[in-house]
Structures are given as structure tokens and as C-alpha cells.
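Novice: Submitted below is the structure of interest, expressed as C-alpha cells.
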Amino acid sequence: MTDFHAAIPKAELHLHIEGTLEPEMMVALAARNRVAIPFASVEEVRAAYRFTDLQSFLDIYYAGAEVLRTEEDFHDLAAAYFDRAAADGVVHAEIFFDPQTHTHRGIPFDTVARGLFAAVEGAQAKHGMTVEIIMSYLRHLDEDDAFATLKLAEPWLDRFVGVGLDSSEVGNPPAKFARVFAASRERGLKLCAHAGEEGPPAYIHEALDVLKVDRIDHGNRAMEDPALVARLARAAMTLTVCPLSNVALRNVDTLADHPIDRMLDAGLRATIHSDDPAYFGGYIAENFRSVAAARNLSRAQVVTLARNSFLGAFLTDATLAGHL
Ligand code: HPA
Ligand code: ZN
């Protein structure tokens with residue numbers, strides 16, 4: 001039976017497609033592509049998923065992505081995700097991919113893009129879901145590498161809705177990417193950045209002031225800075241919060257301590273998403289369900305969170321109206 005948390009229509013705005021690589025698919029693609037992985041079984045893969053912080057996760061996440069080689073692999077990965085998302089009540093998805101994770105291993109940008117867009121067309125036909133793709137720059141690499149990626153993306157730019165910024169946050173502040181974000185905006189792309197996941201509230205200010213982002217990914221640590229909370233609330237800035245990720249990466253101790261309702265109470269336009277669900281224990285409906293139970297959220301709060309996901313989406317006004 002489909003429960004309320006799966007049934008309520010929602011937009012997925014914070015989902016790394018590489019983070020939907022389930023252990024079963026990792027093992028199957030390793031065999032299909034004859035790629036060696038340091039795990040003998042699906043159980044061994046799962047057993048490795050005990051993280052202490054963001055970096056301990058990223059090391060495994062990048063290693064897992066090694067099995068993704070062909071256009072078909074990227075298609076199969078994304079198609080499996082869209083099937084799960086549809087079952088979770090996702091009617092619109094704006095998904096990230098990390099081109100540099102693949103181009104640095106010699107996989108052509110076009111191979112990745114062709115596979116992903118083939119799956120997008122399939123999801124639209126099969127589920128009636130609308131999908132946008134956001135290409136995310138890796139912040140542990142330098143800005144020139146991001147510029148090279150923007151150049152590789154040139155033939156695809158009218159098909160991407162925006163750019164993002166992810167990977168190791170602390171020590172890689174938003175300002176490091178000021179020029180490439182300005183160039184991305186000039187090309188008509190929307191801008192998001194992970195900020196305030198592990199990094200300080202100052203990184204959120206910087207994402208707003210220097211990168212001029214349209215959306216903040218995570219943003220939990222804004223709660224340490226009342227002036228920043230007031231600013232984000234005034235700007236109706238969307239924060240794409242990922243409760244199961246926050247627990248898995250030890251940004252909050254337990255779901256019972258999660259700030260999601262305090263963020264809403266403070267006037268923030270917070271939303272709930274899944275980040276890297278194959279690694280963190282659940283897709284979007286499970287994020288809704290488990291944090292709602294742990295924080296005793298009311299139906300009205302859950303409705304607000306789902307509604308905020310559409311308000312935060314990069315939809316045209318006419319399309320947005322159809323979802324509200
Ligand atoms: N944070 C930063 N980078 C990431 C994440 C995340 O949660 N998931 C995938 N890349
Ligand atoms: Zn993320």
C-alpha cells in the first residue's frame with residue numbers, strides 16, 4: 001500500500017545520480033564491464049557503507065562510480081532511479097551528475113550525457129515525469145578544470161537547466177568558483193551550490209554574495225547564524241535538506257535531532273530530498289517518512305515541505321502553477 005509520504009506529489013531537487021548506484025547494480029556493472037572492485041559480494045559493498053564524515057563517503061562514492069563506463073551504463077543507472085522516484089511520488093526531478101568524475105577516468109562527456117538523456121526521455125514517456133539535469137562542478141578540483149568542463153558541455157548547454165557545486169566542502173569555499181559560476185550564469189544556466197553541509201555559515205553567505213546562487217543545497221549550518229537565517233527567509237531561498245544523508249555523514253547525531261521543523265519554524269523554505277540514496281539508506285519518500293516520524297511532523301508540515309519542493313524547482317510559472 002502506498003503511504004501518504006510516497007503518495008504526496010513532490011519534486012526531487014537534490015539527488016546525485018551517481019549516488020543511486022545500488023550495490024546490486026555496482027556488482028552487475030563490474031562484471032559486465034570487467035572492472036575490478038574491492039568487494040566480493042553485494043553484502044561486502046553494503047558493509048563498507050559506514051561513514052564518519054563527508055570525505056569518508058566521497059572516497060567510496062567515487063570508487064563505486066568506476067564501474068560506470070558506457071552510455072548504456074548511464075542509461076541503466078538513471079532509468080532505475082526514475083522508476084524508484086516515480087514509485088515515491090516524484091513528478092518532477094532535477095538531478096545532478098558529476099561530469100569530472102567520469103571525464104577524469106577517460107569517459108567522454110558525450111557518453112555520459114547521451115546515456116542520461118536517453119533515460120530522461122524514457123522517464124517522460126513511461127512515468128510522465130518531467131526531468132532536468134544539473135551538471136555539478138567538483139570543488140576539490142580547481143576552477144580551470146570547471147571551465148574545461150563547461151567547454152565540454154557546450155554542445156549540451158541548452159539541455160541542462162543549471163550547474164551545481166559539490167564534493168569536499170571544507171577548504172573549498174564557494175568563492176574559488178566565482179568566475180566559472182559567472183560564466184555559467186551568462187550562458188543562461190541556473191546556479192546551485194552545496195553550502196553549510198560541513199562548511200561554516202560563512203560559506204552560505206559566500207554562495208549568495210559571490211556565486212549569486214538560485215538555490216542552496218543542504219544549508220543546515222545556517223541555523224548557527226540568526227542573521228543568515230533572517231536573510232535566507234527574506235529572500236525565500238530554497239534549502240534542499242537531506243535528512244538521511246545528514247545522519248549517515250554525522251552532520252546530525254540522529255534523526256530525532258534533525259533541525260527540519262526548526263528550519264520551517266524559522267521561516268526557511270526548506271525541502272526534503274535524498275542526496276545519495278543508495279549509500280544513505282533511502283529514497284525521497286523514506287526521507288520524508290523517517291524524519292516525519294522522528295520529529296513528529298504534522299501533516300501540514302509535510303504538505304509544506306512537499307509544496308516547497310515545487311516552489312524551489314526551476315519550473316516556469318505556468319508549469320509551477322500546475323503543481324501547486
Ligand atoms: N555533499 C557533497 N558532495 C557530494 C554529496 C554531498 O552530500 N553527494 C555527492 N557529492
Ligand atoms: Zn548532495
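Labels for the C-alpha cells follow display order: chains A, B, ..., residues from 1 in each chain, ligands from 1.
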Can you pull out every residue from range 198-285 of chain A that DSSP, working from the backbone, puts in strand (DSSP E or B), and format the result as a list in words?

Specialist: Arg215, Ile216, Asp217, His218, Thr238, Leu239, Thr240, Val241, Arg269, Ala270, Thr271, Ile272 and Asp275 of chain A

Novice: Can you list, as a list in words, every protein, DNA or RNA residue that comes within 9 Å of Val131 in chain A when you count only C-alpha atoms, leaving out same-chain residues fewer than 4 positions away?

Specialist: Val91, His92, Ala93, Glu94, Ile95, Val120, Glu121, Ala123 and Gln124 of chain A

Novice: Would you mind exporting N, CA and C atoms of the selected residues as a short mmCIF file (atom, residue, chain, number, x, y, z; two decimals), in the first residue's frame?

Specialist:
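Below is the file part_16.cif, written as the result:
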data_model
loop_
_atom_site.label_atom_id
_atom_site.label_comp_id
_atom_site.auth_asym_id
_atom_site.auth_seq_id
_atom_site.Cartn_x
_atom_site.Cartn_y
_atom_site.Cartn_z
N VAL A 91 7.13 13.73 -9.27
CA VAL A 91 6.55 14.06 -10.58
C VAL A 91 7.48 14.99 -11.37
N HIS A 92 8.46 15.55 -10.69
CA HIS A 92 9.45 16.41 -11.35
C HIS A 92 10.79 16.20 -10.64
N ALA A 93 11.84 16.00 -11.42
CA ALA A 93 13.16 15.76 -10.82
C ALA A 93 14.20 16.66 -11.48
N GLU A 94 15.07 17.22 -10.66
CA GLU A 94 16.22 17.99 -11.15
C GLU A 94 17.44 17.32 -10.56
N ILE A 95 18.10 16.51 -11.37
CA ILE A 95 19.15 15.63 -10.84
C ILE A 95 20.54 16.13 -11.20
N VAL A 120 16.18 10.04 -19.50
CA VAL A 120 15.21 11.13 -19.26
C VAL A 120 14.02 10.99 -20.21
N GLU A 121 14.32 10.75 -21.47
CA GLU A 121 13.22 10.57 -22.44
C GLU A 121 12.35 9.38 -22.06
N ALA A 123 11.86 8.22 -19.02
CA ALA A 123 11.07 8.55 -17.81
C ALA A 123 9.87 9.41 -18.16
N GLN A 124 10.08 10.31 -19.13
CA GLN A 124 8.96 11.17 -19.54
C GLN A 124 7.87 10.32 -20.20
#

Novice: Might you pull out every residue within 12 Å of Met25 in chain A, with only C-alpha atoms counted and same-chain residues fewer than 2 positions away left off, and present them as a list in words?

Specialist: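 Listing them by chain and then by number gives Glu18, Gly19, Thr20, Leu21, Glu22, Pro23, Val27, Ala28, Leu29, Ala30, Ala31, Arg32, Asn33, Ser41, Val42, Val45, Gly64, Ala65, Val67, Leu68, Asp73, Phe74, Asp76, Leu77, Ala78, Ala80, Tyr81 and Ala278 of chain A.
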
Novice: Considering only C-alpha atoms and all ligand atoms, can you say which of A:Ala48, A:Ala193, A:Ala63, A:Val112 comes closest to ligand 2?

Specialist: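 Using only C-alpha atoms and all ligand atoms, ligand 2 sits closest to A:Ala193.
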
Novice: Give the residues close to ligand 2, within 12 Å, counting only C-alpha atoms and all ligand atoms; write them as an MDAnalysis selection string.

Specialist: chainID A and resid 12:20 54 57:58 61 95:98 134 136:138 164:169 192:198 216:219 239:246 249 272:277 279:280

Novice: How would the residues just chosen look if you wrote them out with C-alpha atoms as a PDB file, in the first residue's frame?

Specialist:
ATOM      1  CA  GLU A  12      13.287  15.837  -6.214  1.00  0.00           C
ATOM      2  CA  LEU A  13      15.823  18.684  -6.241  1.00  0.00           C
ATOM      3  CA  HIS A  14      18.876  17.176  -4.548  1.00  0.00           C
ATOM      4  CA  LEU A  15      19.857  13.832  -5.996  1.00  0.00           C
ATOM      5  CA  HIS A  16      23.265  12.825  -7.318  1.00  0.00           C
ATOM      6  CA  ILE A  17      22.633  10.219  -9.997  1.00  0.00           C
ATOM      7  CA  GLU A  18      25.947   8.535  -9.166  1.00  0.00           C
ATOM      8  CA  GLY A  19      24.587   8.220  -5.623  1.00  0.00           C
ATOM      9  CA  THR A  20      21.751   5.992  -6.839  1.00  0.00           C
ATOM     10  CA  LEU A  54      31.615  13.645   4.068  1.00  0.00           C
ATOM     11  CA  PHE A  57      31.660   8.814   1.940  1.00  0.00           C
ATOM     12  CA  LEU A  58      33.113  10.579  -1.099  1.00  0.00           C
ATOM     13  CA  TYR A  61      31.243   7.081  -3.866  1.00  0.00           C
ATOM     14  CA  ILE A  95      19.149  15.634 -10.840  1.00  0.00           C
ATOM     15  CA  PHE A  96      22.875  16.275 -10.502  1.00  0.00           C
ATOM     16  CA  PHE A  97      25.640  14.472 -12.286  1.00  0.00           C
ATOM     17  CA  ASP A  98      29.378  14.968 -11.764  1.00  0.00           C
ATOM     18  CA  ILE A 134      22.189  19.908 -13.449  1.00  0.00           C
ATOM     19  CA  SER A 136      27.833  19.794 -10.879  1.00  0.00           C
ATOM     20  CA  TYR A 137      31.427  21.029 -10.634  1.00  0.00           C
ATOM     21  CA  LEU A 138      33.705  19.169  -8.214  1.00  0.00           C
ATOM     22  CA  GLY A 164      25.924  22.906  -9.105  1.00  0.00           C
ATOM     23  CA  LEU A 165      28.923  22.649  -6.799  1.00  0.00           C
ATOM     24  CA  ASP A 166      29.629  19.521  -4.764  1.00  0.00           C
ATOM     25  CA  SER A 167      32.351  17.273  -3.268  1.00  0.00           C
ATOM     26  CA  SER A 168      34.668  18.151  -0.345  1.00  0.00           C
ATOM     27  CA  GLU A 169      33.315  21.380   1.131  1.00  0.00           C
ATOM     28  CA  CYS A 192      23.073  25.943  -7.065  1.00  0.00           C
ATOM     29  CA  ALA A 193      25.822  25.138  -4.614  1.00  0.00           C
ATOM     30  CA  HIS A 194      26.230  22.766  -1.706  1.00  0.00           C
ATOM     31  CA  ALA A 195      26.883  25.050   1.254  1.00  0.00           C
ATOM     32  CA  GLY A 196      26.657  24.687   5.005  1.00  0.00           C
ATOM     33  CA  GLU A 197      26.638  20.880   4.945  1.00  0.00           C
ATOM     34  CA  GLU A 198      30.000  20.624   6.730  1.00  0.00           C
ATOM     35  CA  ILE A 216      21.351  26.272  -1.631  1.00  0.00           C
ATOM     36  CA  ASP A 217      21.952  22.536  -1.259  1.00  0.00           C
ATOM     37  CA  HIS A 218      21.840  21.398   2.377  1.00  0.00           C
ATOM     38  CA  GLY A 219      22.328  24.716   4.213  1.00  0.00           C
ATOM     39  CA  LEU A 239      17.407  24.922   1.059  1.00  0.00           C
ATOM     40  CA  THR A 240      17.425  21.320  -0.199  1.00  0.00           C
ATOM     41  CA  VAL A 241      17.814  19.377   3.040  1.00  0.00           C
ATOM     42  CA  CYS A 242      18.648  15.651   3.075  1.00  0.00           C
ATOM     43  CA  PRO A 243      17.837  14.080   6.468  1.00  0.00           C
ATOM     44  CA  LEU A 244      19.156  10.523   5.945  1.00  0.00           C
ATOM     45  CA  SER A 245      22.340  11.946   4.418  1.00  0.00           C
ATOM     46  CA  ASN A 246      22.804  14.224   7.426  1.00  0.00           C
ATOM     47  CA  LEU A 249      27.534  11.630   7.298  1.00  0.00           C
ATOM     48  CA  ILE A 272      13.365  17.278   1.775  1.00  0.00           C
ATOM     49  CA  HIS A 273      15.462  15.268  -0.676  1.00  0.00           C
ATOM     50  CA  SER A 274      17.606  12.164  -0.908  1.00  0.00           C
ATOM     51  CA  ASP A 275      21.195  13.151  -1.899  1.00  0.00           C
ATOM     52  CA  ASP A 276      22.813   9.715  -2.445  1.00  0.00           C
ATOM     53  CA  PRO A 277      20.056   7.258  -1.569  1.00  0.00           C
ATOM     54  CA  TYR A 279      24.515   4.982   0.123  1.00  0.00           C
ATOM     55  CA  PHE A 280      22.387   6.641   2.808  1.00  0.00           C
TER      56      PHE A 280
END

Novice: Pick the closest to ligand 1 from A:Ala11, A:Leu189, A:Ile204, A:Val170: which is it, counting only C-alpha atoms and all ligand atoms?

Specialist: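 Ranking A:Ala11, A:Leu189, A:Ile204, A:Val170 by distance to ligand 1, first place goes to A:Val170.
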
Novice: Arg307 in chain A: which residues within 12 Å, counting only C-alpha atoms, same-chain residues fewer than 2 positions away excluded, as a PyMOL selection string?

Specialist: chain A and resi 8-12+238+269-272+300-305+309-313+320-324

Novice: May I have the residues from that selection written out with C-alpha atoms, as a PDB file, in the first residue's frame?

Specialist:
ATOM      1  CA  ILE A   8       2.106  13.101  -1.977  1.00  0.00           C
ATOM      2  CA  PRO A   9       3.387  14.637  -5.242  1.00  0.00           C
ATOM      3  CA  LYS A  10       6.846  16.082  -4.861  1.00  0.00           C
ATOM      4  CA  ALA A  11       9.854  17.383  -6.756  1.00  0.00           C
ATOM      5  CA  GLU A  12      13.287  15.837  -6.214  1.00  0.00           C
ATOM      6  CA  THR A 238      15.248  27.235  -1.065  1.00  0.00           C
ATOM      7  CA  ARG A 269      11.948  27.484   2.646  1.00  0.00           C
ATOM      8  CA  ALA A 270      13.347  24.064   3.460  1.00  0.00           C
ATOM      9  CA  THR A 271      12.583  20.989   1.388  1.00  0.00           C
ATOM     10  CA  ILE A 272      13.365  17.278   1.775  1.00  0.00           C
ATOM     11  CA  ALA A 300       0.536  20.308   7.440  1.00  0.00           C
ATOM     12  CA  GLN A 301       4.321  20.400   7.834  1.00  0.00           C
ATOM     13  CA  VAL A 302       4.742  17.500   5.402  1.00  0.00           C
ATOM     14  CA  VAL A 303       2.473  19.261   2.906  1.00  0.00           C
ATOM     15  CA  THR A 304       4.542  22.441   3.300  1.00  0.00           C
ATOM     16  CA  LEU A 305       7.758  20.520   2.661  1.00  0.00           C
ATOM     17  CA  SER A 309       9.925  21.375  -3.371  1.00  0.00           C
ATOM     18  CA  PHE A 310       7.873  22.786  -6.266  1.00  0.00           C
ATOM     19  CA  LEU A 311       8.419  26.401  -5.199  1.00  0.00           C
ATOM     20  CA  GLY A 312      12.176  25.726  -5.214  1.00  0.00           C
ATOM     21  CA  ALA A 313      12.215  23.969  -8.568  1.00  0.00           C
ATOM     22  CA  LEU A 320       4.667  25.607 -11.330  1.00  0.00           C
ATOM     23  CA  ALA A 321       1.026  26.636 -11.072  1.00  0.00           C
ATOM     24  CA  GLY A 322       0.016  23.192 -12.326  1.00  0.00           C
ATOM     25  CA  HIS A 323       1.830  21.544  -9.414  1.00  0.00           C
ATOM     26  CA  LEU A 324       0.542  23.700  -6.545  1.00  0.00           C
TER      27      LEU A 324
END

Novice: Quick one: residues within 10 Å of range 105-110 of chain A, only C-alpha atoms counted, chain neighbours fewer than 2 positions away excluded, as a list of chain:residue names?

Specialist: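 The residues satisfying every condition are A:Ala65, A:Glu66, A:Leu68, A:Arg69, A:Thr70, A:Glu71, A:Pro99, A:Gln100, A:Thr101, A:His102, A:Thr103, A:Val112, A:Ala113, A:Arg114, A:Gly115, A:Leu116, A:Thr149, A:Leu152, A:Ala153, A:Pro155, A:Trp156.
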
Novice: With a distance cut-off of 9 Å and only C-alpha atoms, select the neighbouring residues of His127 in chain A, excluding the residue or stretch itself and same-chain residues fewer than 5 positions from it, and output the selection as a compact mmCIF listing (two decimals) with C-alpha atoms, in the first residue's frame.

Specialist:
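Final output, selection.txt:
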# COMPACT_ATOMS: atom_id res chain seq x y z
CA PHE A 82 13.40 7.20 -12.37
CA ASP A 83 11.40 4.01 -11.72
CA ALA A 86 8.00 7.55 -9.74
CA VAL A 91 6.55 14.06 -10.58
CA GLY A 122 12.25 7.13 -21.16

Novice: I need the residues in range 239-301 of chain A that are helix (DSSP H, G or I) according to DSSP; give them as an NGL selection string.

Specialist: :A and (243-248 or 255-257 or 260-265 or 277-280 or 284-294 or 299-301)
